[in-house]
file structure-v4.cif (mmCIF, C-alpha atoms)
data_work
loop_
_atom_site.label_atom_id
_atom_site.label_comp_id
_atom_site.auth_asym_id
_atom_site.auth_seq_id
_atom_site.Cartn_x
_atom_site.Cartn_y
_atom_site.Cartn_z
CA MET A 1 3.58 -27.97 -15.05
CA THR A 2 1.17 -29.87 -12.85
CA ALA A 3 -0.27 -27.78 -10.08
CA LEU A 4 0.95 -29.43 -6.93
CA PRO A 5 -0.88 -28.33 -3.77
CA ARG A 6 0.64 -25.65 -1.56
CA VAL A 7 2.44 -26.82 1.56
CA THR A 8 1.37 -24.48 4.33
CA THR A 9 2.98 -25.81 7.50
CA ALA A 10 6.25 -27.34 8.64
CA ASP A 11 4.40 -30.51 9.70
CA GLN A 12 3.02 -30.95 6.20
CA ALA A 13 6.50 -30.47 4.76
CA ARG A 14 7.96 -33.05 7.13
CA ALA A 15 5.35 -35.60 6.09
CA ASP A 16 6.72 -35.65 2.52
CA ALA A 17 10.31 -36.91 2.62
CA GLY A 18 11.30 -35.75 -0.88
CA PHE A 19 9.81 -32.31 -0.49
CA HIS A 20 11.33 -31.91 2.97
CA ARG A 21 14.80 -32.90 1.75
CA ALA A 22 14.65 -30.46 -1.17
CA LEU A 23 13.30 -27.63 0.96
CA VAL A 24 15.97 -28.04 3.65
CA GLU A 25 18.68 -28.06 0.99
CA LEU A 26 17.51 -24.80 -0.59
CA LEU A 27 17.05 -23.09 2.78
CA TYR A 28 20.62 -23.90 3.81
CA GLN A 29 21.94 -22.50 0.54
CA ALA A 30 20.07 -19.23 0.90
CA ALA A 31 20.69 -18.80 4.64
CA ASP A 32 24.39 -19.64 4.39
CA ASP A 33 24.90 -17.29 1.41
CA ASP A 34 23.45 -14.38 3.39
CA LEU A 35 25.23 -15.21 6.64
CA ILE A 36 28.68 -15.77 5.15
CA LEU A 37 28.61 -12.81 2.76
CA ALA A 38 27.25 -10.60 5.56
CA GLN A 39 30.25 -11.64 7.66
CA ARG A 40 32.58 -10.66 4.80
CA GLY A 41 30.70 -7.35 4.74
CA ALA A 42 31.06 -6.88 8.49
CA GLU A 43 34.84 -7.24 8.15
CA TRP A 44 34.78 -3.90 6.32
CA LEU A 45 33.36 -2.04 9.31
CA GLY A 46 35.44 1.09 9.84
CA LEU A 47 37.55 0.39 6.75
CA VAL A 48 35.25 1.45 3.90
CA PRO A 49 36.01 4.58 1.81
CA HIS A 50 33.84 7.01 3.80
CA ILE A 51 31.56 7.22 6.82
CA GLU A 52 28.29 7.31 4.84
CA GLU A 53 29.32 4.01 3.32
CA ASP A 54 30.03 2.58 6.76
CA VAL A 55 26.45 3.44 7.80
CA ALA A 56 24.95 1.97 4.63
CA PHE A 57 27.08 -1.16 4.35
CA SER A 58 26.60 -2.09 8.01
CA SER A 59 22.80 -1.62 7.67
CA ILE A 60 22.84 -3.93 4.67
CA THR A 61 24.92 -6.58 6.43
CA GLN A 62 22.59 -6.35 9.42
CA ASP A 63 19.59 -6.95 7.15
CA MET A 64 21.38 -9.86 5.48
CA THR A 65 22.15 -11.44 8.85
CA GLY A 66 18.47 -10.95 9.74
CA HIS A 67 17.43 -12.66 6.53
CA ALA A 68 19.78 -15.55 7.32
CA LEU A 69 18.27 -15.83 10.81
CA ALA A 70 14.71 -15.91 9.43
CA LEU A 71 15.73 -18.73 7.06
CA TYR A 72 17.46 -20.66 9.88
CA GLN A 73 14.21 -20.26 11.86
CA LEU A 74 12.34 -21.95 9.00
CA LEU A 75 14.91 -24.76 9.23
CA GLU A 76 14.39 -24.92 12.99
CA GLU A 77 10.65 -25.42 12.43
CA LEU A 78 11.54 -28.21 10.01
CA GLY A 79 13.43 -30.08 12.72
CA GLU A 80 17.02 -29.10 11.82
CA GLY A 81 17.90 -27.81 15.30
CA GLN A 82 18.16 -24.44 16.95
CA ALA A 83 18.76 -21.44 14.66
CA ASP A 84 21.87 -20.12 16.48
CA HIS A 85 23.36 -23.57 16.44
CA LEU A 86 22.76 -23.82 12.69
CA ALA A 87 24.51 -20.51 12.14
CA TYR A 88 27.55 -21.21 14.32
CA PHE A 89 28.00 -24.85 15.23
CA ARG A 90 27.99 -26.84 12.06
CA GLU A 91 31.05 -28.40 10.47
CA PRO A 92 32.31 -26.51 7.40
CA SER A 93 31.16 -29.40 5.18
CA ALA A 94 27.57 -28.83 6.37
CA TYR A 95 27.54 -25.29 4.94
CA ARG A 96 25.93 -24.82 1.54
CA CYS A 97 27.01 -21.25 0.72
CA ALA A 98 28.32 -20.59 -2.77
CA VAL A 99 32.09 -20.26 -2.95
CA LEU A 100 31.66 -16.65 -4.10
CA ALA A 101 30.27 -15.71 -0.68
CA GLU A 102 33.26 -17.01 1.27
CA ARG A 103 36.12 -15.55 -0.78
CA PRO A 104 38.27 -13.21 1.32
CA ASN A 105 37.93 -9.43 0.84
CA GLY A 106 41.59 -9.24 -0.06
CA GLU A 107 44.91 -9.73 1.68
CA GLY A 108 45.26 -9.62 5.43
CA THR A 109 42.41 -9.71 7.93
CA TYR A 110 40.37 -6.91 9.42
CA LEU A 111 42.32 -7.34 12.66
CA ASP A 112 45.73 -7.36 11.06
CA SER A 113 46.89 -5.29 8.06
CA PRO A 114 43.67 -5.37 6.02
CA ARG A 115 44.60 -4.68 2.41
CA PHE A 116 41.07 -5.24 1.16
CA ASP A 117 39.89 -4.76 -2.38
CA TRP A 118 36.97 -2.31 -2.66
CA ALA A 119 36.39 -2.95 -6.37
CA TYR A 120 36.07 -6.67 -5.74
CA THR A 121 33.72 -5.99 -2.83
CA VAL A 122 31.44 -3.72 -4.86
CA VAL A 123 31.25 -6.17 -7.76
CA ARG A 124 30.74 -9.21 -5.54
CA GLN A 125 28.01 -7.58 -3.46
CA TYR A 126 26.33 -6.24 -6.59
CA VAL A 127 26.37 -9.61 -8.37
CA TYR A 128 25.14 -11.38 -5.26
CA GLN A 129 22.25 -8.95 -4.76
CA ARG A 130 21.36 -9.20 -8.44
CA PHE A 131 21.21 -12.96 -8.01
CA LYS A 132 19.36 -12.73 -4.71
CA ARG A 133 16.62 -10.65 -6.33
CA LEU A 134 16.05 -13.49 -8.83
CA ARG A 135 16.11 -16.15 -6.12
CA LEU A 136 13.62 -14.22 -3.96
CA GLU A 137 11.31 -13.69 -6.94
CA ALA A 138 11.36 -17.46 -7.50
CA MET A 139 10.86 -18.15 -3.79
CA VAL A 140 7.70 -16.02 -3.81
CA LYS A 141 6.30 -18.74 -6.12
CA SER A 142 7.54 -21.60 -3.92
CA ARG A 143 5.09 -24.32 -2.99
CA TYR A 144 6.17 -23.83 0.61
CA GLN A 145 3.92 -21.02 1.78
CA PRO A 146 6.00 -19.88 4.81
CA LEU A 147 8.98 -19.39 2.46
CA ALA A 148 6.86 -17.58 -0.14
CA ASP A 149 5.56 -15.18 2.54
CA LEU A 150 9.03 -14.52 3.93
CA ALA A 151 10.49 -13.95 0.46
CA GLU A 152 7.82 -11.38 -0.33
CA LYS A 153 8.80 -9.41 2.73
CA MET A 154 12.54 -9.75 2.09
CA LEU A 155 12.14 -8.44 -1.46
CA ARG A 156 10.93 -5.07 -0.16
CA GLU A 157 14.05 -4.67 1.97
CA GLN A 158 16.42 -6.17 -0.56
CA PHE A 159 15.37 -3.53 -3.11
CA TYR A 160 17.52 -1.00 -1.23
CA HIS A 161 20.49 -3.37 -0.97
CA LEU A 162 20.65 -3.93 -4.71
CA TYR A 163 20.07 -0.23 -5.38
CA HIS A 164 23.00 0.68 -3.14
CA TRP A 165 25.44 -1.50 -5.08
CA GLU A 166 24.03 -0.34 -8.43
CA VAL A 167 24.97 3.20 -7.46
CA TRP A 168 28.54 2.10 -6.73
CA MET A 169 28.73 0.15 -10.00
CA LYS A 170 27.64 3.24 -11.89
CA GLN A 171 30.09 5.48 -10.05
CA LEU A 172 33.14 3.28 -10.47
CA THR A 173 32.71 2.19 -14.09
CA GLY A 174 33.30 4.44 -17.09
CA ARG A 175 35.24 6.99 -15.03
CA THR A 176 38.99 6.97 -14.61
CA GLU A 177 41.27 4.53 -16.31
CA GLU A 178 42.42 3.07 -13.01
CA ALA A 179 38.85 2.56 -11.77
CA GLN A 180 37.88 0.87 -15.03
CA ARG A 181 40.89 -1.43 -14.90
CA ARG A 182 40.22 -2.43 -11.31
CA MET A 183 36.49 -2.92 -11.85
CA THR A 184 37.11 -5.04 -14.94
CA GLU A 185 39.59 -7.18 -13.05
CA ALA A 186 37.12 -7.61 -10.15
CA TRP A 187 34.26 -8.37 -12.57
CA THR A 188 36.33 -11.10 -14.22
CA ARG A 189 37.14 -12.69 -10.85
CA VAL A 190 33.52 -12.53 -9.68
CA LEU A 191 32.21 -13.93 -12.97
CA ALA A 192 34.48 -16.96 -12.59
CA ASP A 193 32.62 -17.79 -9.35
CA ALA A 194 29.15 -16.67 -10.47
CA PRO A 195 27.95 -20.13 -11.59
CA SER A 196 28.30 -21.25 -7.96
CA LEU A 197 25.47 -18.89 -6.99
CA SER A 198 22.82 -20.19 -9.36
CA SER A 199 23.84 -23.81 -8.80
CA LEU A 200 21.28 -25.61 -6.65
CA GLY A 201 23.76 -28.35 -5.79
CA PRO A 202 23.36 -32.11 -6.10
CA GLY A 203 19.69 -31.84 -5.12
CA GLU A 204 18.84 -29.49 -7.99
CA GLN A 205 16.42 -31.85 -9.77
CA GLU A 206 14.47 -32.51 -6.59
CA ILE A 207 14.33 -28.81 -5.64
CA LEU A 208 12.75 -28.05 -9.01
CA SER A 209 10.52 -31.11 -9.45
CA SER A 210 9.06 -30.81 -5.94
CA GLY A 211 8.13 -27.18 -6.54
CA VAL A 212 10.32 -25.87 -3.72
CA LEU A 213 11.51 -23.50 -6.45
CA PRO A 214 9.33 -23.06 -9.54
CA TRP A 215 12.17 -22.63 -12.03
CA SER A 216 15.94 -22.91 -12.46
CA LEU A 217 17.88 -19.73 -11.67
CA GLU A 218 20.75 -20.20 -14.10
CA LYS A 219 19.17 -18.80 -17.26
CA PRO A 220 17.68 -15.63 -15.75
CA PHE A 221 20.93 -15.03 -13.84
CA ARG A 222 23.08 -15.32 -16.97
CA GLN A 223 20.73 -12.93 -18.76
CA ALA A 224 20.95 -10.48 -15.87
CA LEU A 225 24.76 -10.61 -15.97
CA GLU A 226 24.78 -9.98 -19.71
CA GLU A 227 22.60 -6.90 -19.17
CA SER A 228 24.89 -5.72 -16.36
CA ALA A 229 27.94 -6.10 -18.59
CA ARG A 230 26.25 -3.96 -21.24
CA SER A 231 25.08 -1.21 -18.89
CA TYR A 232 28.41 -0.88 -17.05
CA GLY A 233 30.71 -1.35 -20.03
CA LEU A 234 32.26 -4.53 -18.67
CA PRO A 235 33.28 -7.66 -20.62
CA ALA A 236 30.35 -9.94 -21.45
CA PRO A 237 30.33 -13.24 -19.56
CA ASN A 238 31.21 -15.96 -22.03
CA ALA A 239 32.10 -19.35 -20.60
CA TRP A 240 29.82 -20.61 -17.84
CA THR A 241 32.12 -23.06 -16.12
CA MET A 242 31.42 -24.24 -12.62
CA PRO A 243 34.36 -23.40 -10.34
CA GLU A 244 36.30 -26.46 -9.23
CA VAL A 245 34.91 -26.03 -5.73
CA ASN A 246 31.45 -24.42 -5.69
CA GLY A 247 30.27 -24.85 -2.08
CA ARG A 248 26.78 -26.15 -2.81
CA ASP A 249 27.80 -29.76 -2.19
CA GLY A 250 29.62 -28.96 1.05
CA ARG A 251 33.09 -28.74 -0.48
CA HIS A 252 34.56 -25.32 0.19
CA SER A 253 37.63 -23.20 -0.37
CA PRO A 254 40.29 -23.06 2.39
CA ALA A 255 38.92 -19.61 3.35
CA LEU A 256 35.76 -20.96 5.00
CA PRO A 257 36.95 -23.01 8.04
CA PRO A 258 38.99 -20.22 9.71
CA MET A 259 36.15 -17.79 9.04
CA LEU A 260 33.62 -20.04 10.77
CA GLU A 261 35.96 -20.58 13.67
CA HIS A 262 36.31 -16.83 14.13
CA MET A 263 32.56 -16.19 13.81
CA ALA A 264 31.71 -18.80 16.42
CA GLU A 265 34.41 -17.80 18.90
CA VAL A 266 32.17 -15.88 21.29
CA TYR A 267 29.29 -18.32 20.93
CA ARG A 268 31.62 -21.20 21.80
CA ILE A 269 32.88 -19.45 24.91
CA ALA A 270 29.35 -18.88 26.24
CA PRO A 271 26.78 -20.98 24.38
CA ALA A 272 24.09 -20.11 26.95
CA GLY A 273 24.81 -16.37 26.79
CA ALA A 274 21.97 -14.02 25.97
CA TRP A 275 22.68 -10.98 23.80
CA MET B 1 -13.95 -7.79 35.01
CA SER B 2 -15.36 -8.79 31.63
CA GLU B 3 -13.17 -9.95 28.77
CA ALA B 4 -14.13 -6.83 26.83
CA ASP B 5 -12.85 -4.66 29.69
CA LEU B 6 -9.63 -6.60 29.86
CA GLN B 7 -9.25 -6.36 26.10
CA SER B 8 -9.44 -2.57 26.21
CA ARG B 9 -7.02 -2.37 29.15
CA VAL B 10 -4.57 -4.55 27.21
CA MET B 11 -4.90 -2.34 24.12
CA ALA B 12 -4.28 0.76 26.24
CA ALA B 13 -1.22 -0.89 27.80
CA LEU B 14 0.15 -1.86 24.36
CA ASP B 15 -0.13 1.78 23.39
CA GLU B 16 2.40 2.49 26.14
CA VAL B 17 5.00 0.09 24.77
CA MET B 18 7.42 2.24 22.83
CA ASP B 19 9.65 1.40 19.90
CA PRO B 20 13.06 0.92 21.60
CA GLU B 21 14.79 2.74 18.74
CA ILE B 22 12.32 5.60 18.24
CA ARG B 23 11.21 6.87 21.62
CA GLY B 24 7.78 8.45 21.64
CA LEU B 25 6.35 6.05 19.07
CA SER B 26 4.31 3.08 20.31
CA LEU B 27 3.87 -0.33 18.73
CA VAL B 28 0.25 0.68 18.05
CA ASP B 29 1.44 3.85 16.25
CA LEU B 30 3.70 1.70 14.10
CA GLY B 31 0.80 -0.53 13.07
CA MET B 32 2.54 -3.59 14.47
CA VAL B 33 -0.34 -4.91 16.56
CA GLU B 34 -2.38 -7.20 14.34
CA ARG B 35 -4.54 -9.04 16.89
CA VAL B 36 -5.14 -9.30 20.62
CA GLU B 37 -7.07 -12.27 21.99
CA VAL B 38 -8.23 -12.47 25.58
CA ASP B 39 -9.36 -15.78 27.02
CA GLY B 40 -10.06 -15.52 30.74
CA GLY B 41 -6.80 -14.01 32.07
CA GLN B 42 -4.79 -15.36 29.18
CA VAL B 43 -3.69 -12.86 26.60
CA ARG B 44 -2.30 -13.62 23.15
CA VAL B 45 -0.76 -10.78 21.19
CA GLN B 46 0.10 -11.10 17.50
CA LEU B 47 2.60 -8.58 16.20
CA ILE B 48 3.84 -7.93 12.68
CA PRO B 49 7.61 -7.36 12.54
CA THR B 50 8.62 -4.21 10.70
CA TYR B 51 11.89 -5.52 9.22
CA VAL B 52 12.84 -9.20 8.98
CA GLY B 53 16.13 -8.57 10.74
CA CYS B 54 15.11 -5.72 13.03
CA PRO B 55 17.32 -6.20 16.11
CA ALA B 56 14.69 -4.50 18.30
CA LEU B 57 12.14 -7.32 17.94
CA GLY B 58 13.39 -9.27 20.94
CA LEU B 59 13.28 -6.12 23.09
CA MET B 60 9.76 -5.32 21.89
CA LYS B 61 8.55 -8.79 22.79
CA ALA B 62 10.06 -8.55 26.28
CA ASP B 63 8.61 -5.05 26.76
CA VAL B 64 5.13 -6.24 25.77
CA GLU B 65 5.34 -9.19 28.15
CA ARG B 66 6.52 -6.98 31.00
CA ARG B 67 3.94 -4.25 30.43
CA LEU B 68 0.99 -6.61 30.04
CA ALA B 69 1.97 -8.66 33.08
CA ALA B 70 1.35 -5.48 35.09
CA VAL B 71 -2.25 -5.13 33.83
CA PRO B 72 -4.70 -6.21 36.54
CA GLY B 73 -6.53 -9.35 35.46
CA VAL B 74 -3.79 -10.62 33.16
CA GLU B 75 -2.52 -14.06 34.16
CA SER B 76 -0.36 -15.02 31.22
CA VAL B 77 0.94 -13.37 28.07
CA THR B 78 1.97 -14.94 24.78
CA VAL B 79 3.59 -12.78 22.11
CA GLU B 80 3.91 -14.05 18.55
CA PHE B 81 5.37 -12.50 15.41
CA LEU B 82 3.42 -13.20 12.23
CA ARG B 83 4.82 -13.66 8.72
CA LYS B 84 1.61 -12.41 7.18
CA PRO B 85 0.26 -9.79 6.67
CA LEU B 86 3.38 -7.92 5.57
CA TRP B 87 4.32 -4.76 7.41
CA THR B 88 4.38 -1.85 5.01
CA THR B 89 5.00 1.80 5.83
CA ASP B 90 1.35 2.74 5.23
CA ARG B 91 0.50 0.82 8.42
CA ILE B 92 1.91 3.71 10.48
CA THR B 93 -1.15 5.46 11.95
CA PRO B 94 -1.94 9.18 11.49
CA ARG B 95 -0.97 9.76 15.13
CA GLY B 96 2.23 7.78 14.55
CA ARG B 97 3.10 10.03 11.63
CA GLU B 98 2.65 13.12 13.81
CA ARG B 99 4.76 11.59 16.55
CA LEU B 100 7.53 10.77 14.10
CA LYS B 101 7.66 14.41 13.00
CA ALA B 102 7.80 15.50 16.62
CA VAL B 103 11.09 13.61 17.06
CA GLY B 104 12.55 14.93 13.80
CA ILE B 105 11.79 11.97 11.54
CA ALA B 106 9.86 12.45 8.31
CA PRO B 107 7.05 9.91 7.95
CA PRO B 108 7.09 7.80 4.77
CA ALA B 109 5.54 9.30 1.65
CA GLY B 110 3.77 6.04 0.81
CA SER B 111 4.56 2.36 0.73
CA GLY B 112 6.60 0.10 -1.52
CA PRO B 113 10.34 0.51 -2.14
CA THR B 114 11.43 3.19 -4.58
CA GLU B 115 14.69 4.78 -5.72
CA HIS B 116 13.42 8.32 -5.38
CA TRP B 117 10.97 9.87 -2.99
CA THR B 118 10.56 13.30 -1.48
CA PRO B 119 9.71 13.50 2.21
CA GLU B 120 8.57 16.73 3.81
CA CYS B 121 11.07 18.27 6.20
CA PRO B 122 9.72 17.45 9.70
CA TYR B 123 10.90 20.86 10.97
CA CYS B 124 9.62 23.33 8.35
CA GLY B 125 7.46 21.24 6.02
CA SER B 126 9.50 22.11 2.93
CA THR B 127 9.97 19.63 0.10
CA GLN B 128 13.19 21.40 -0.94
CA VAL B 129 15.20 18.53 0.45
CA HIS B 130 17.92 16.23 -0.80
CA ARG B 131 18.97 12.77 0.24
CA GLU B 132 22.36 12.32 1.87
CA ASN B 133 22.18 8.56 2.39
CA VAL B 134 19.55 5.89 1.66
CA PHE B 135 20.68 4.25 4.90
CA GLY B 136 20.65 5.81 8.34
CA PRO B 137 21.01 4.99 12.03
CA THR B 138 18.67 2.00 11.62
CA SER B 139 17.77 -0.07 8.54
CA CYS B 140 14.36 1.56 8.25
CA ARG B 141 15.61 5.15 8.04
CA SER B 142 17.40 7.36 5.50
CA ILE B 143 19.22 10.64 6.01
CA PHE B 144 18.09 13.83 4.25
CA TYR B 145 19.04 17.50 4.37
CA CYS B 146 16.53 20.34 4.18
CA ASP B 147 17.74 23.06 1.81
CA ALA B 148 15.08 25.46 3.12
CA CYS B 149 15.69 25.43 6.88
CA ARG B 150 19.16 23.85 6.66
CA ASN B 151 18.54 21.03 9.06
CA PRO B 152 19.59 17.44 8.55
CA PHE B 153 16.76 15.02 9.27
CA GLU B 154 15.90 11.34 9.10
CA ALA B 155 13.09 9.82 7.06
CA ILE B 156 11.37 6.45 7.20
CA LYS B 157 12.16 4.51 4.01
CA PRO B 158 9.08 3.45 2.09
CA VAL B 159 8.74 -0.34 2.12
#

call {"tool": "encode", "arguments": {"input": "structure-v4.cif", "output": "structure tokens"}}
result
Amino acid sequence: MTALPRVTTADQARADAGFHRALVELLYQAADDDLILAQRGAEWLGLVPHIEEDVAFSSITQDMTGHALALYQLLEELGEGQADHLAYFREPSAYRCAVLAERPNGEGTYLDSPRFDWAYTVVRQYVYQRFKRLRLEAMVKSRYQPLADLAEKMLREQFYHLYHWEVWMKQLTGRTEEAQRRMTEAWTRVLADAPSLSSLGPGEQEILSSGVLPWSLEKPFRQALEESARSYGLPAPNAWTMPEVNGRDGRHSPALPPMLEHMAEVYRIAPAGAW
Amino acid sequence: MSEADLQSRVMAALDEVMDPEIRGLSLVDLGMVERVEVDGGQVRVQLIPTYVGCPALGLMKADVERRLAAVPGVESVTVEFLRKPLWTTDRITPRGRERLKAVGIAPPAGSGPTEHWTPECPYCGSTQVHRENVFGPTSCRSIFYCDACRNPFEAIKPV
């Protein structure tokens, strides 16, 4: 690979149209994944199996929201608009989160008869954090220095997020028959959406050729999932078929629009409010 | 007043700005102050955020601005957060570590994330402790229990 020069400032990035376009695309994907999945996590507040989990899960979702904010701030520097606006005021079709991040936690809503699925939540959060580790490791080698610096810092925090879900994976697999059945079912559902995570969307070629990311994430992610299947006694992932709607191109499942509407409710009432 | 005088007054004032979530611990103790530049009456403070998503950062910035505005000779204050260098737990100063213990929080054993580490109980100094939860009241803290003196305590996570 030719050694392209590092891009150290937002102004330099904006001067190169192709690089800028690819960078913005990747930043939206990563920021939206964290924001939307953190919101799904926040819906569990007060409903998780025990109080220690409430403390841990809400800390993790707070960190994820913070990571999303830091990525939206990079986008702000790149001329995309104000970070809060990017989080709350875009049309659903402008979001680039993977469809896995937006799937509901289960039936009902947290306000009304939540019949949420803990097995699905554990597996989804675990698979996402496993993927996020790989994406952050690649981002550390990004040509865009501000992103590389941020990713290095995020990795240190994200270590504890992934570790938390690994503990749950270990505890819920290979135990009772019911736990195994429910974890296997959740694993199968999450695997069906997993290709949406490592997809870099329609701009994939440009993201890779411009050096915004140094390598494709699909192969290392599939390897990681195969290892996970082995260590937790879950079925190996076989087919790698992109879900019909994957999110990376702005097409989303019906679950996203009402979620965004709910998230932005307070912000819409008082856009000038300070928190 | 010379710039050097003002610089030392500003540093002393920064040492009075406390972490909003851990009272008794200043931003200087935490190792968050990377650089202070004084140009005439204009002061520029560069801070290193502890956690990317720490919700206290906005409060810290406002507290620094307020405290420094009260320093005689200061005309304007700019506070910036840097992306580099990274904040790691070994930036906490020796005095900061003592102050953490004084409020019942075990200082970090080192830096860099790890699955297992053994803090010293801030009350009795024992290492006969076990972890109750990797996460605690804030993202940067875990919850432990001391099997020697039978007190629960918090510990700063190594990052």

call {"tool": "closest_atom_pairs", "arguments": {"input": "structure-v4.cif", "of": "stretch 74-109 of chain A", "to": "stretch 113-120 of chain A", "cutoff": "7 Å", "atoms": "only C-alpha atoms", "output": "Markdown table"}}
result
| residue | atom | partner | partner_atom | distance |
| --- | --- | --- | --- | --- |
| A:Asn105 | CA | A:Phe116 | CA | 5.2 |
| A:Gly106 | CA | A:Phe116 | CA | 4.2 |
| A:Glu107 | CA | A:Arg115 | CA | 5.1 |
| A:Gly108 | CA | A:Pro114 | CA | 4.6 |
| A:Thr109 | CA | A:Pro114 | CA | 4.9 |

call {"tool": "write_last_selection", "arguments": {"input": "structure-v4.cif", "atoms": "C-alpha atoms", "output": "short mmCIF file (atom, residue, chain, number, x, y, z; two decimals), in the frame of the given file"}}
result
data_model
loop_
_atom_site.label_atom_id
_atom_site.label_comp_id
_atom_site.auth_asym_id
_atom_site.auth_seq_id
_atom_site.Cartn_x
_atom_site.Cartn_y
_atom_site.Cartn_z
CA ASN A 105 37.93 -9.43 0.84
CA GLY A 106 41.59 -9.24 -0.06
CA GLU A 107 44.91 -9.73 1.68
CA GLY A 108 45.26 -9.62 5.43
CA THR A 109 42.41 -9.71 7.93
#

call {"tool": "closest_atom_pairs", "arguments": {"input": "structure-v4.cif", "of": "chain B", "to": "chain A", "cutoff": "7 Å", "atoms": "all atoms listed in the file", "output": "JSON lines"}}
result
{"residue": "B:Val52", "atom": "CA", "partner": "A:Gly66", "partner_atom": "CA", "distance": 5.9}
{"residue": "B:Gly53", "atom": "CA", "partner": "A:Gly66", "partner_atom": "CA", "distance": 3.5}
{"residue": "B:Arg83", "atom": "CA", "partner": "A:Asp149", "partner_atom": "CA", "distance": 6.4}
{"residue": "B:Lys84", "atom": "CA", "partner": "A:Asp149", "partner_atom": "CA", "distance": 6.7}
{"residue": "B:Leu86", "atom": "CA", "partner": "A:Lys153", "partner_atom": "CA", "distance": 6.3}
{"residue": "B:Gly112", "atom": "CA", "partner": "A:Arg156", "partner_atom": "CA", "distance": 6.9}
{"residue": "B:Pro113", "atom": "CA", "partner": "A:Arg156", "partner_atom": "CA", "distance": 6.0}
{"residue": "B:Asn133", "atom": "CA", "partner": "A:Glu52", "partner_atom": "CA", "distance": 6.7}
{"residue": "B:Phe135", "atom": "CA", "partner": "A:Ala56", "partner_atom": "CA", "distance": 4.8}
{"residue": "B:Gly136", "atom": "CA", "partner": "A:Val55", "partner_atom": "CA", "distance": 6.3}
{"residue": "B:Thr138", "atom": "CA", "partner": "A:Ser59", "partner_atom": "CA", "distance": 6.8}
{"residue": "B:Ser139", "atom": "CA", "partner": "A:Ser59", "partner_atom": "CA", "distance": 5.3}
{"residue": "B:Val159", "atom": "CA", "partner": "A:Arg156", "partner_atom": "CA", "distance": 5.7}

call {"tool": "closest_residue", "arguments": {"input": "structure-v4.cif", "among": "A:Thr188, A:Ser216, A:Gln125, A:Ser196", "to": "A:Asn238", "atoms": "only C-alpha atoms"}}
result
A:Thr188

call {"tool": "resolve_selection", "arguments": {"input": "structure-v4.cif", "expression": "the PyMOL selection byres ((chain B and resi 36) around 9)", "output": "JSON, numbers by chain"}}
result
{"B": [7, 10, 11, 33, 34, 35, 37, 38, 43, 44, 45, 46, 47]}

call {"tool": "resolve_selection", "arguments": {"input": "structure-v4.cif", "expression": "the PyMOL selection byres ((chain B and resi 31) around 9)", "output": "ChimeraX atom specification"}}
result
/B:26-30,32-34,47-48,50,87-93,96

call {"tool": "atom_distance", "arguments": {"input": "structure-v4.cif", "atom1": "atom CA of A:His262", "atom2": "atom CA of A:Leu197"}}
result
23.8 Å

call {"tool": "resolve_selection", "arguments": {"input": "structure-v4.cif", "expression": "the PyMOL selection byres ((chain B and resi 54-69) around 8)", "output": "ChimeraX atom specification"}}
result
/A:63,66 /B:10,13-14,17-21,49-53,70-72,74-79,139

call {"tool": "residues_around", "arguments": {"input": "structure-v4.cif", "residues": "A:Gly273", "least_positions_apart": "6", "cutoff": "12 Å", "atoms": "only C-alpha atoms", "output": "VMD selection string"}}
result
chain A and resid 84 266 to 267

call {"tool": "residues_around", "arguments": {"input": "structure-v4.cif", "residues": "B:Gly125", "least_positions_apart": "6", "cutoff": "10 Å", "atoms": "all atoms listed in the file", "output": "list of chain:residue names"}}
result
B:Lys101, B:Ala106, B:Pro119, B:Cys146, B:Ala148, B:Cys149

call {"tool": "residues_around", "arguments": {"input": "structure-v4.cif", "residues": "B:Leu100", "least_positions_apart": "5", "cutoff": "8 Å", "atoms": "all atoms listed in the file", "output": "list in words"}}
result
Gly24, Leu25, Ile105, Ala106 and Pro107 of chain B

call {"tool": "residues_around", "arguments": {"input": "structure-v4.cif", "residues": "A:Glu102", "least_positions_apart": "4", "cutoff": "9 Å", "atoms": "all atoms listed in the file", "output": "number ranges by chain"}}
result
A: 33, 36-37, 39-40, 97-98, 252-253, 255-256, 259

call {"tool": "residues_around", "arguments": {"input": "structure-v4.cif", "residues": "A:Glu166", "least_positions_apart": "5", "cutoff": "9 Å", "atoms": "only C-alpha atoms", "output": "list in words"}}
result
Val122, Tyr126, His161 and Gln171 of chain A

call {"tool": "atom_distance", "arguments": {"input": "structure-v4.cif", "atom1": "atom CA of A:Ala42", "atom2": "atom CA of B:Gly104"}}
result
29.1 Å

call {"tool": "residues_near_point", "arguments": {"input": "structure-v4.cif", "point": "(10.7, -26.1, 5.7)", "cutoff": "8 Å", "atoms": "only C-alpha atoms", "output": "ChimeraX atom specification"}}
result
/A:9-10,13-14,20,23-24,27,74-75,77-78,144,146-147

call {"tool": "atom_distance", "arguments": {"input": "structure-v4.cif", "atom1": "atom CA of A:Pro257", "atom2": "atom CA of A:Glu218"}}
result
27.6 Å

call {"tool": "axis_aligned_box", "arguments": {"input": "structure-v4.cif", "around": "stretch 68-79 of chain B", "padding_each_side": "3 Å", "output": "JSON"}}
result
{"center_x": -1.5, "center_y": -10.1, "center_z": 29.3, "size_x": 16.1, "size_y": 15.9, "size_z": 20.4}

call {"tool": "closest_residue", "arguments": {"input": "structure-v4.cif", "among": "A:Ala224, A:Met139, A:Ala239, A:Ala194", "to": "A:Ala30", "atoms": "only C-alpha atoms"}}
result
A:Met139
